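Participant: Dropping a structure here in structure tokens format, bear with me for questions.
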Amino acid sequence: GAGGIENPTREEFGYMRKTATLAMVALLGACASSGKTEGQKQIEDLTSQINKLSTILTEAKVVIQTTLAEHDQIVNNQDGDLLGHYKKFATGVDKIEDYRLKARGQLDKVKAAAVPFFERWKQDITKFNNEEMRARAEERMTATRQRYEEVKQHSEEVRANYEAMMATMRDHRLYWAN
């Protein structure tokens, strides 16, 4: 144009601005599509660890229910197969113990995945320039952390109840073994 690069006209400046904006959008799009952010990776890891724990607990629930049913068969002795039910019960108690160890290990993985997730989120909040967005992000993080802490607390309560149930089941297994 008549204005040249040093002194662009209003139309040339507008065109250059649009071109630069499109180039920036294309560059950002390429960066975004090339991989996940660290935060996205951390939330995927935490979610994956929670899902694995959920699977273990669901499987354990089935084994616990089956083992308790065998326990009831022994107590009620309706079919006279005490030895058969005892063997299934004793095997079930052992399987429940295995699931307890798996669940404990997986819970440790959940806790380990939560630490960097919440730390990064906390750090990212400090980078907001917009006060309203920062406040909303802090509220979301606080609510999410609170839900996470409630789940941890609930898991401790479940663990305590589980330990009491297993103590009784171990005693019954020992008693019936003799």
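Letters for chains follow the order of the structure tokens (A, B, ...), residue numbers begin at 1 for each chain, and ligand numbers begin at 1 in the order shown.
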Identify, on the basis of only C-alpha atoms, every residue whose closest approach to Lys109 in chain A does not exceed 12 Å; exclude the query and any residue fewer than 6 positions from it along the same chain; express the result as a PyMOL selection string.

Facilitator: chain A and resi 45-53+102-103+115-116

Participant: Write a file of the selected residues as a PDB file, in the first residue's frame, keeping N, CA and C atoms.

Facilitator:
ATOM      1  N   ASP A  45      -4.812 -38.477  35.810  1.00  0.00           N
ATOM      2  CA  ASP A  45      -4.169 -39.449  36.689  1.00  0.00           C
ATOM      3  C   ASP A  45      -4.989 -39.641  37.958  1.00  0.00           C
ATOM      4  N   LEU A  46      -5.416 -38.543  38.570  1.00  0.00           N
ATOM      5  CA  LEU A  46      -6.218 -38.638  39.788  1.00  0.00           C
ATOM      6  C   LEU A  46      -7.531 -39.372  39.519  1.00  0.00           C
ATOM      7  N   THR A  47      -8.182 -39.022  38.431  1.00  0.00           N
ATOM      8  CA  THR A  47      -9.445 -39.682  38.072  1.00  0.00           C
ATOM      9  C   THR A  47      -9.223 -41.163  37.818  1.00  0.00           C
ATOM     10  N   SER A  48      -8.149 -41.493  37.122  1.00  0.00           N
ATOM     11  CA  SER A  48      -7.832 -42.892  36.842  1.00  0.00           C
ATOM     12  C   SER A  48      -7.597 -43.669  38.133  1.00  0.00           C
ATOM     13  N   GLN A  49      -6.851 -43.067  39.062  1.00  0.00           N
ATOM     14  CA  GLN A  49      -6.576 -43.739  40.334  1.00  0.00           C
ATOM     15  C   GLN A  49      -7.860 -43.936  41.145  1.00  0.00           C
ATOM     16  N   ILE A  50      -8.743 -42.944  41.120  1.00  0.00           N
ATOM     17  CA  ILE A  50     -10.022 -43.059  41.823  1.00  0.00           C
ATOM     18  C   ILE A  50     -10.875 -44.143  41.180  1.00  0.00           C
ATOM     19  N   ASN A  51     -10.899 -44.204  39.850  1.00  0.00           N
ATOM     20  CA  ASN A  51     -11.674 -45.233  39.161  1.00  0.00           C
ATOM     21  C   ASN A  51     -11.143 -46.630  39.465  1.00  0.00           C
ATOM     22  N   LYS A  52      -9.828 -46.767  39.534  1.00  0.00           N
ATOM     23  CA  LYS A  52      -9.241 -48.073  39.887  1.00  0.00           C
ATOM     24  C   LYS A  52      -9.638 -48.472  41.302  1.00  0.00           C
ATOM     25  N   LEU A  53      -9.621 -47.509  42.221  1.00  0.00           N
ATOM     26  CA  LEU A  53     -10.043 -47.794  43.589  1.00  0.00           C
ATOM     27  C   LEU A  53     -11.505 -48.209  43.617  1.00  0.00           C
ATOM     28  N   LYS A 102      -5.120 -54.559  48.370  1.00  0.00           N
ATOM     29  CA  LYS A 102      -5.214 -53.859  47.081  1.00  0.00           C
ATOM     30  C   LYS A 102      -5.828 -52.472  47.268  1.00  0.00           C
ATOM     31  N   ALA A 103      -6.897 -52.414  48.043  1.00  0.00           N
ATOM     32  CA  ALA A 103      -7.580 -51.134  48.262  1.00  0.00           C
ATOM     33  C   ALA A 103      -6.678 -50.158  48.997  1.00  0.00           C
ATOM     34  N   VAL A 115      -1.958 -34.901  45.597  1.00  0.00           N
ATOM     35  CA  VAL A 115      -1.022 -33.872  46.072  1.00  0.00           C
ATOM     36  C   VAL A 115      -0.586 -32.931  44.944  1.00  0.00           C
ATOM     37  N   PRO A 116      -0.003 -33.440  43.837  1.00  0.00           N
ATOM     38  CA  PRO A 116       0.420 -32.502  42.789  1.00  0.00           C
ATOM     39  C   PRO A 116      -0.756 -31.806  42.109  1.00  0.00           C
TER      40      PRO A 116
END

Participant: Within 12 Å of Met169 in chain A, counting only C-alpha atoms, which residues qualify if same-chain residues fewer than 6 places away don't, as a PDB file with N, CA and C atoms, in the first residue's frame?

Facilitator:
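The new file around.pdb reads:
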ATOM      1  N   ILE A  64     -17.277 -59.902  49.567  1.00  0.00           N
ATOM      2  CA  ILE A  64     -17.789 -59.789  50.938  1.00  0.00           C
ATOM      3  C   ILE A  64     -19.211 -60.342  51.024  1.00  0.00           C
ATOM      4  N   THR A  67     -19.095 -64.111  50.756  1.00  0.00           N
ATOM      5  CA  THR A  67     -18.519 -64.689  51.975  1.00  0.00           C
ATOM      6  C   THR A  67     -19.515 -64.627  53.129  1.00  0.00           C
ATOM      7  N   LEU A  68     -20.219 -63.517  53.232  1.00  0.00           N
ATOM      8  CA  LEU A  68     -21.246 -63.419  54.283  1.00  0.00           C
ATOM      9  C   LEU A  68     -22.383 -64.404  54.050  1.00  0.00           C
ATOM     10  N   GLU A  70     -22.015 -67.346  52.717  1.00  0.00           N
ATOM     11  CA  GLU A  70     -21.483 -68.636  53.191  1.00  0.00           C
ATOM     12  C   GLU A  70     -21.479 -68.684  54.713  1.00  0.00           C
ATOM     13  N   HIS A  71     -21.163 -67.574  55.343  1.00  0.00           N
ATOM     14  CA  HIS A  71     -21.212 -67.475  56.800  1.00  0.00           C
ATOM     15  C   HIS A  71     -22.619 -67.811  57.287  1.00  0.00           C
ATOM     16  N   ASP A  72     -23.617 -67.206  56.645  1.00  0.00           N
ATOM     17  CA  ASP A  72     -25.006 -67.465  57.028  1.00  0.00           C
ATOM     18  C   ASP A  72     -25.395 -68.921  56.800  1.00  0.00           C
ATOM     19  N   TYR A  86     -17.880 -73.995  54.963  1.00  0.00           N
ATOM     20  CA  TYR A  86     -16.723 -73.484  55.694  1.00  0.00           C
ATOM     21  C   TYR A  86     -15.566 -73.210  54.735  1.00  0.00           C
ATOM     22  N   PHE A  89     -16.285 -70.120  52.874  1.00  0.00           N
ATOM     23  CA  PHE A  89     -16.190 -68.993  53.789  1.00  0.00           C
ATOM     24  C   PHE A  89     -14.728 -68.646  54.060  1.00  0.00           C
ATOM     25  N   ALA A  90     -13.912 -69.629  54.382  1.00  0.00           N
ATOM     26  CA  ALA A  90     -12.497 -69.401  54.694  1.00  0.00           C
ATOM     27  C   ALA A  90     -11.765 -68.819  53.484  1.00  0.00           C
ATOM     28  N   THR A  91     -12.056 -69.347  52.300  1.00  0.00           N
ATOM     29  CA  THR A  91     -11.455 -68.816  51.072  1.00  0.00           C
ATOM     30  C   THR A  91     -11.898 -67.371  50.860  1.00  0.00           C
ATOM     31  N   GLY A  92     -13.160 -67.093  51.111  1.00  0.00           N
ATOM     32  CA  GLY A  92     -13.680 -65.731  50.978  1.00  0.00           C
ATOM     33  C   GLY A  92     -12.997 -64.756  51.918  1.00  0.00           C
ATOM     34  N   VAL A  93     -12.764 -65.179  53.150  1.00  0.00           N
ATOM     35  CA  VAL A  93     -12.070 -64.317  54.119  1.00  0.00           C
ATOM     36  C   VAL A  93     -10.675 -63.980  53.596  1.00  0.00           C
ATOM     37  N   ASP A  94      -9.983 -64.971  53.052  1.00  0.00           N
ATOM     38  CA  ASP A  94      -8.650 -64.726  52.480  1.00  0.00           C
ATOM     39  C   ASP A  94      -8.725 -63.751  51.295  1.00  0.00           C
ATOM     40  N   ILE A  96     -10.999 -61.472  50.796  1.00  0.00           N
ATOM     41  CA  ILE A  96     -11.310 -60.143  51.331  1.00  0.00           C
ATOM     42  C   ILE A  96     -10.033 -59.479  51.845  1.00  0.00           C
ATOM     43  N   GLU A  97      -9.194 -60.253  52.500  1.00  0.00           N
ATOM     44  CA  GLU A  97      -7.912 -59.710  52.984  1.00  0.00           C
ATOM     45  C   GLU A  97      -7.058 -59.227  51.811  1.00  0.00           C
ATOM     46  N   TYR A 162     -14.911 -51.995  58.488  1.00  0.00           N
ATOM     47  CA  TYR A 162     -14.408 -53.197  57.827  1.00  0.00           C
ATOM     48  C   TYR A 162     -13.540 -54.001  58.796  1.00  0.00           C
ATOM     49  N   GLU A 163     -12.657 -53.318  59.513  1.00  0.00           N
ATOM     50  CA  GLU A 163     -11.762 -54.007  60.447  1.00  0.00           C
ATOM     51  C   GLU A 163     -12.565 -54.734  61.524  1.00  0.00           C
ATOM     52  N   TYR A 175     -12.838 -70.367  64.996  1.00  0.00           N
ATOM     53  CA  TYR A 175     -13.727 -71.185  65.822  1.00  0.00           C
ATOM     54  C   TYR A 175     -14.229 -72.394  65.028  1.00  0.00           C
ATOM     55  N   TRP A 176     -14.685 -72.146  63.791  1.00  0.00           N
ATOM     56  CA  TRP A 176     -15.230 -73.233  62.978  1.00  0.00           C
ATOM     57  C   TRP A 176     -14.159 -74.170  62.453  1.00  0.00           C
ATOM     58  N   ALA A 177     -12.913 -73.709  62.406  1.00  0.00           N
ATOM     59  CA  ALA A 177     -11.822 -74.587  61.952  1.00  0.00           C
ATOM     60  C   ALA A 177     -11.576 -75.696  62.962  1.00  0.00           C
TER      61      ALA A 177
END

Participant: Enter the distance from CA of Lys36 in chain A to CA of Lys122 in chain A, in Å, rounded to one decimal.

Facilitator: 18.9 Å

Participant: Quick one: distance from CA of Ala135 in chain A to CA of Val110 in chain A in Å, one decimal?

Facilitator: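 Calculated distance between CA of Ala135 in chain A and CA of Val110 in chain A is 26.8 Å.
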
Participant: Can you tell me, as a list in words, what residues are no more than 9 Å from range 38-40 of chain A when counting only C-alpha atoms, ignoring any on the same chain fewer than 4 positions away?

Facilitator: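 Everything that qualifies: Glu44, Asp45, Phe117, Arg120 and Trp121 of chain A.
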
Participant: Could you tell me which of A:Arg173, A:Lys41, A:Glu119, A:Ala113 comes closest to His85 in chain A if we count only C-alpha atoms?

Facilitator: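 Using only C-alpha atoms, His85 in chain A sits closest to A:Arg173.
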